[in-house]
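The file structure_4.pdb comes next; it holds PDB, C-alpha atoms.
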```pdb
ATOM      1  CA  MET A   1       0.000   0.000   0.000  1.00  0.00           C
ATOM      2  CA  ASN A   2       1.051   3.565  -0.561  1.00  0.00           C
ATOM      3  CA  LEU A   3       0.391   5.937   2.335  1.00  0.00           C
ATOM      4  CA  HIS A   4       0.494   9.610   1.366  1.00  0.00           C
ATOM      5  CA  ILE A   5       1.523  12.061   4.074  1.00  0.00           C
ATOM      6  CA  ALA A   6       1.019  15.800   3.642  1.00  0.00           C
ATOM      7  CA  PRO A   7       1.014  18.741   6.067  1.00  0.00           C
ATOM      8  CA  ASN A   8      -2.768  19.097   5.722  1.00  0.00           C
ATOM      9  CA  SER A   9      -3.450  15.350   6.206  1.00  0.00           C
ATOM     10  CA  LEU A  10      -5.658  14.592   9.179  1.00  0.00           C
ATOM     11  CA  ILE A  11      -4.206  12.000  11.502  1.00  0.00           C
ATOM     12  CA  SER A  12      -7.553  10.190  11.401  1.00  0.00           C
ATOM     13  CA  ASP A  13      -7.339   9.887   7.587  1.00  0.00           C
ATOM     14  CA  ILE A  14      -3.861   8.376   7.774  1.00  0.00           C
ATOM     15  CA  GLN A  15      -5.037   5.984  10.494  1.00  0.00           C
ATOM     16  CA  LYS A  16      -8.085   4.936   8.416  1.00  0.00           C
ATOM     17  CA  GLU A  17      -5.935   4.238   5.339  1.00  0.00           C
ATOM     18  CA  PHE A  18      -3.548   2.113   7.376  1.00  0.00           C
ATOM     19  CA  ASN A  19      -6.447   0.322   9.091  1.00  0.00           C
ATOM     20  CA  LYS A  20      -8.030  -0.581   5.724  1.00  0.00           C
ATOM     21  CA  ALA A  21      -4.960  -2.666   4.903  1.00  0.00           C
ATOM     22  CA  PHE A  22      -4.461  -3.947   8.461  1.00  0.00           C
ATOM     23  CA  PRO A  23      -7.849  -4.054  10.237  1.00  0.00           C
ATOM     24  CA  PHE A  24      -6.428  -5.494  13.466  1.00  0.00           C
ATOM     25  CA  LEU A  25      -3.666  -2.881  13.746  1.00  0.00           C
ATOM     26  CA  LYS A  26      -3.638   0.837  14.301  1.00  0.00           C
ATOM     27  CA  ILE A  27      -1.016   3.530  14.366  1.00  0.00           C
ATOM     28  CA  GLU A  28      -0.895   6.312  16.906  1.00  0.00           C
ATOM     29  CA  PHE A  29       1.103   9.509  16.542  1.00  0.00           C
ATOM     30  CA  PHE A  30       2.960  10.827  19.563  1.00  0.00           C
ATOM     31  CA  ASN A  31       4.200  14.244  20.552  1.00  0.00           C
ATOM     32  CA  ASN A  32       7.592  12.818  21.476  1.00  0.00           C
ATOM     33  CA  LYS A  33      10.602  14.582  20.021  1.00  0.00           C
ATOM     34  CA  SER A  34      13.125  12.257  21.674  1.00  0.00           C
ATOM     35  CA  PHE A  35      11.562   9.191  19.989  1.00  0.00           C
ATOM     36  CA  SER A  36      12.399   7.253  23.137  1.00  0.00           C
ATOM     37  CA  ARG A  37       9.913   4.425  23.513  1.00  0.00           C
ATOM     38  CA  THR A  38      10.278   4.490  27.266  1.00  0.00           C
ATOM     39  CA  GLU A  39       8.955   8.043  27.182  1.00  0.00           C
ATOM     40  CA  PHE A  40       5.859   7.305  25.057  1.00  0.00           C
ATOM     41  CA  SER A  41       2.748   7.892  27.142  1.00  0.00           C
ATOM     42  CA  ALA A  42      -0.980   8.136  26.589  1.00  0.00           C
ATOM     43  CA  GLN A  43      -0.797  11.881  27.338  1.00  0.00           C
ATOM     44  CA  GLN A  44       1.473  12.301  24.307  1.00  0.00           C
ATOM     45  CA  ILE A  45      -0.944  10.778  21.797  1.00  0.00           C
ATOM     46  CA  ILE A  46      -1.884  13.405  19.247  1.00  0.00           C
ATOM     47  CA  ALA A  47      -5.638  13.745  18.705  1.00  0.00           C
ATOM     48  CA  ALA A  48      -6.934  12.146  15.515  1.00  0.00           C
ATOM     49  CA  ASN A  49      -8.654  15.386  14.423  1.00  0.00           C
ATOM     50  CA  ARG A  50      -5.311  17.229  14.197  1.00  0.00           C
ATOM     51  CA  ARG A  51      -3.397  17.803  10.979  1.00  0.00           C
ATOM     52  CA  ILE A  52       0.069  16.294  10.633  1.00  0.00           C
ATOM     53  CA  GLY A  53       1.462  19.758   9.827  1.00  0.00           C
ATOM     54  CA  ASP A  54       0.242  21.022  13.205  1.00  0.00           C
ATOM     55  CA  THR A  55       2.492  18.526  14.975  1.00  0.00           C
ATOM     56  CA  GLN A  56       5.507  18.645  12.671  1.00  0.00           C
ATOM     57  CA  LEU A  57       5.930  22.082  11.123  1.00  0.00           C
ATOM     58  CA  ALA A  58       8.744  21.083   8.765  1.00  0.00           C
ATOM     59  CA  ILE A  59       6.841  18.201   7.182  1.00  0.00           C
ATOM     60  CA  LYS A  60       6.746  17.954   3.392  1.00  0.00           C
ATOM     61  CA  ASP A  61       4.478  15.892   1.153  1.00  0.00           C
ATOM     62  CA  GLY A  62       5.693  12.345   0.762  1.00  0.00           C
ATOM     63  CA  ASP A  63       4.752   8.712   0.504  1.00  0.00           C
ATOM     64  CA  ILE A  64       5.500   5.617   2.511  1.00  0.00           C
ATOM     65  CA  GLN A  65       5.357   2.253   0.793  1.00  0.00           C
ATOM     66  CA  ILE A  66       3.991  -0.286   3.247  1.00  0.00           C
ATOM     67  CA  ASN A  67       3.765  -4.006   2.603  1.00  0.00           C
ATOM     68  CA  GLU A  68       2.668  -6.820   4.851  1.00  0.00           C
ATOM     69  CA  GLU A  69       6.188  -8.285   5.058  1.00  0.00           C
ATOM     70  CA  MET A  70       7.529  -5.058   6.597  1.00  0.00           C
ATOM     71  CA  LYS A  71       8.398  -5.396  10.263  1.00  0.00           C
ATOM     72  CA  VAL A  72       6.725  -3.095  12.784  1.00  0.00           C
ATOM     73  CA  ILE A  73      10.056  -1.632  13.802  1.00  0.00           C
ATOM     74  CA  GLU A  74      10.832  -0.830  10.151  1.00  0.00           C
ATOM     75  CA  LEU A  75       7.538   1.015   9.701  1.00  0.00           C
ATOM     76  CA  GLU A  76       8.034   3.057  12.866  1.00  0.00           C
ATOM     77  CA  ARG A  77      11.605   3.874  11.794  1.00  0.00           C
ATOM     78  CA  LEU A  78      10.373   4.963   8.353  1.00  0.00           C
ATOM     79  CA  PHE A  79       7.967   7.496   9.875  1.00  0.00           C
ATOM     80  CA  LYS A  80      10.763   8.788  12.085  1.00  0.00           C
ATOM     81  CA  GLU A  81      13.413   9.066   9.364  1.00  0.00           C
ATOM     82  CA  LYS A  82      11.252  10.349   6.523  1.00  0.00           C
ATOM     83  CA  PHE A  83       8.846  12.640   8.392  1.00  0.00           C
ATOM     84  CA  LYS A  84      10.285  13.091  11.905  1.00  0.00           C
ATOM     85  CA  LEU A  85       7.065  11.604  13.300  1.00  0.00           C
ATOM     86  CA  ALA A  86       6.896   9.433  16.415  1.00  0.00           C
ATOM     87  CA  VAL A  87       4.572   6.537  15.605  1.00  0.00           C
ATOM     88  CA  GLN A  88       3.662   3.399  17.520  1.00  0.00           C
ATOM     89  CA  VAL A  89       1.812   0.373  16.112  1.00  0.00           C
ATOM     90  CA  PHE A  90      -0.905  -1.191  18.270  1.00  0.00           C
ATOM     91  CA  ARG A  91      -2.543  -4.604  17.823  1.00  0.00           C
ATOM     92  CA  LYS A  92      -6.154  -5.395  18.616  1.00  0.00           C
ATOM     93  CA  SER A  93      -6.651  -7.912  21.396  1.00  0.00           C
ATOM     94  CA  GLY A  94     -10.363  -8.428  21.970  1.00  0.00           C
ATOM     95  CA  ASN A  95     -11.586  -4.904  22.712  1.00  0.00           C
ATOM     96  CA  LEU A  96      -8.176  -3.612  23.812  1.00  0.00           C
ATOM     97  CA  TRP A  97      -5.334  -2.133  21.802  1.00  0.00           C
ATOM     98  CA  LEU A  98      -1.900  -3.348  22.886  1.00  0.00           C
ATOM     99  CA  GLU A  99       1.476  -1.868  22.041  1.00  0.00           C
ATOM    100  CA  THR A 100       3.545  -4.153  19.858  1.00  0.00           C
ATOM    101  CA  THR A 101       6.869  -3.259  21.480  1.00  0.00           C
ATOM    102  CA  MET A 102       7.595  -6.847  22.545  1.00  0.00           C
ATOM    103  CA  THR A 103       6.919  -8.131  19.017  1.00  0.00           C
ATOM    104  CA  ASP A 104       8.380  -5.315  16.919  1.00  0.00           C
ATOM    105  CA  ASN A 105      10.323  -7.825  14.840  1.00  0.00           C
ATOM    106  CA  TRP A 106       7.109  -9.426  13.626  1.00  0.00           C
ATOM    107  CA  THR A 107       5.856  -8.423  10.213  1.00  0.00           C
ATOM    108  CA  LEU A 108       2.697  -6.376   9.841  1.00  0.00           C
ATOM    109  CA  ALA A 109       0.991  -9.495   8.441  1.00  0.00           C
ATOM    110  CA  GLN A 110       1.973 -11.533  11.512  1.00  0.00           C
ATOM    111  CA  GLN A 111       0.759  -8.784  13.843  1.00  0.00           C
ATOM    112  CA  ASN A 112      -2.522  -8.391  11.956  1.00  0.00           C
ATOM    113  CA  ASN A 113      -3.146 -12.156  11.822  1.00  0.00           C
ATOM    114  CA  HIS A 114      -2.396 -12.499  15.533  1.00  0.00           C
ATOM    115  CA  GLY A 115      -4.806  -9.651  16.286  1.00  0.00           C
ATOM    116  CA  ARG A 116      -7.470 -11.342  14.153  1.00  0.00           C
ATOM    117  CA  GLU A 117      -6.983 -14.665  15.895  1.00  0.00           C
ATOM    118  CA  ILE A 118      -7.071 -13.155  19.397  1.00  0.00           C
ATOM    119  CA  SER A 119     -10.053 -10.911  18.630  1.00  0.00           C
ATOM    120  CA  THR A 120     -12.201 -13.274  16.571  1.00  0.00           C
ATOM    121  CA  GLY A 121     -10.814 -16.742  17.230  1.00  0.00           C
ATOM    122  CA  LYS A 122     -10.262 -17.130  13.471  1.00  0.00           C
ATOM    123  CA  ASN A 123      -6.888 -17.785  11.929  1.00  0.00           C
ATOM    124  CA  THR A 124      -6.888 -17.046   8.211  1.00  0.00           C
ATOM    125  CA  ASN A 125      -3.144 -17.465   7.922  1.00  0.00           C
ATOM    126  CA  THR A 126      -2.280 -20.578   5.945  1.00  0.00           C
ATOM    127  CA  GLN A 127       1.482 -20.236   6.224  1.00  0.00           C
ATOM    128  CA  THR A 128       3.541 -21.369   9.173  1.00  0.00           C
ATOM    129  CA  ASP A 129       4.404 -18.440  11.397  1.00  0.00           C
ATOM    130  CA  ASP A 130       7.490 -18.000  13.512  1.00  0.00           C
ATOM    131  CA  TYR A 131       5.384 -17.754  16.647  1.00  0.00           C
ATOM    132  CA  ASP A 132       3.305 -20.350  18.414  1.00  0.00           C
ATOM    133  CA  LEU A 133       0.231 -19.244  20.321  1.00  0.00           C
ATOM    134  CA  ASN A 134       0.217 -22.489  22.307  1.00  0.00           C
ATOM    135  CA  ARG A 135       3.925 -22.529  23.225  1.00  0.00           C
ATOM    136  CA  ASP A 136       3.261 -22.000  26.924  1.00  0.00           C
ATOM    137  CA  ALA A 137       0.125 -24.146  27.150  1.00  0.00           C
ATOM    138  CA  ASP A 138       0.163 -27.121  29.494  1.00  0.00           C
ATOM    139  CA  HIS A 139      -0.065 -30.386  27.593  1.00  0.00           C
TER     140      HIS A 139
END
```
Produce structure tokens that represent the structure in this file.
Amino acid sequence: MNLHIAPNSLISDIQKEFNKAFPFLKIEFFNNKSFSRTEFSAQQIIAANRRIGDTQLAIKDGDIQINEEMKVIELERLFKEKFKLAVQVFRKSGNLWLETTMTDNWTLAQQNNHGREISTGKNTNTQTDDYDLNRDADH
């Protein structure tokens, strides 16, 4: 998918575009100039009705190519390097949204499929994943 970012883009529009491709993931934008994950907090989440240019004055029009094989950490780094935006990916877990910091090396497809399985009980992934949901289950 191609995600277009422009100074007048609403955060909610960018989030909706991303969510169309990955319905069990969402991205949040943070007012965090240090980009330190340990300093990300709910108070720093930028409201969805704000324009990207309001949060990052130097932002220029540009595109991010996103594919399902991209790792979460790569996507977050791309936003940081290309647009100086602090972004965090969250995965749906039932009716909660969880940070993906512990699984940042998973691809977007793996994250989305895991969110689908946790939230709906349905696994539509036919390939073997590098994670096992039952690894800690008692046998």
Query raised in the report: Can you list what the PyMOL selection byres ((chain A and resi 11-15) around 9) grabs from this structure, as an NGL selection string?
Result: :A and (3-5 or 9-10 or 16-20 or 26-29 or 46-52)
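When atom CA of Asp61 of chain A is paired with atom CA of Ala21 of chain A, their separation reads 21.2 Å.
Near Arg77 of chain A, within a cut-off of 12 Å and counting only C-alpha atoms, sit the residues Phe35, Ser36, Arg37, Ile64, Met70, Lys71, Val72, Ile73, Glu81, Lys82, Phe83, Lys84, Leu85, Ala86, Val87, Gln88, Val89 and Asp104 of chain A, with same-chain residues fewer than 4 positions away left out.
Between atom CA of Phe79 of chain A and atom CA of Gly115 of chain A the interatomic distance comes to 22.3 Å.
Picked by the PyMOL selection byres ((chain A and resi 24) around 8) from the coordinates shown: Asn19, Phe22, Pro23, Leu25, Lys26, Arg91, Lys92, Gln111, Asn112, Asn113, Gly115 and Arg116 of chain A.
For the atom pair formed by atom CA of Ile59 of chain A and atom CA of Ala6 of chain A, the distance is 7.2 Å, given to one decimal.
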Quiz prompt | Shell of 8 Å around Asn67 of chain A, all atoms listed in the file, local chain residues under 2 positions omitted, as a VMD selection string | solution = chain A and resid 1 65 69 to 70 108
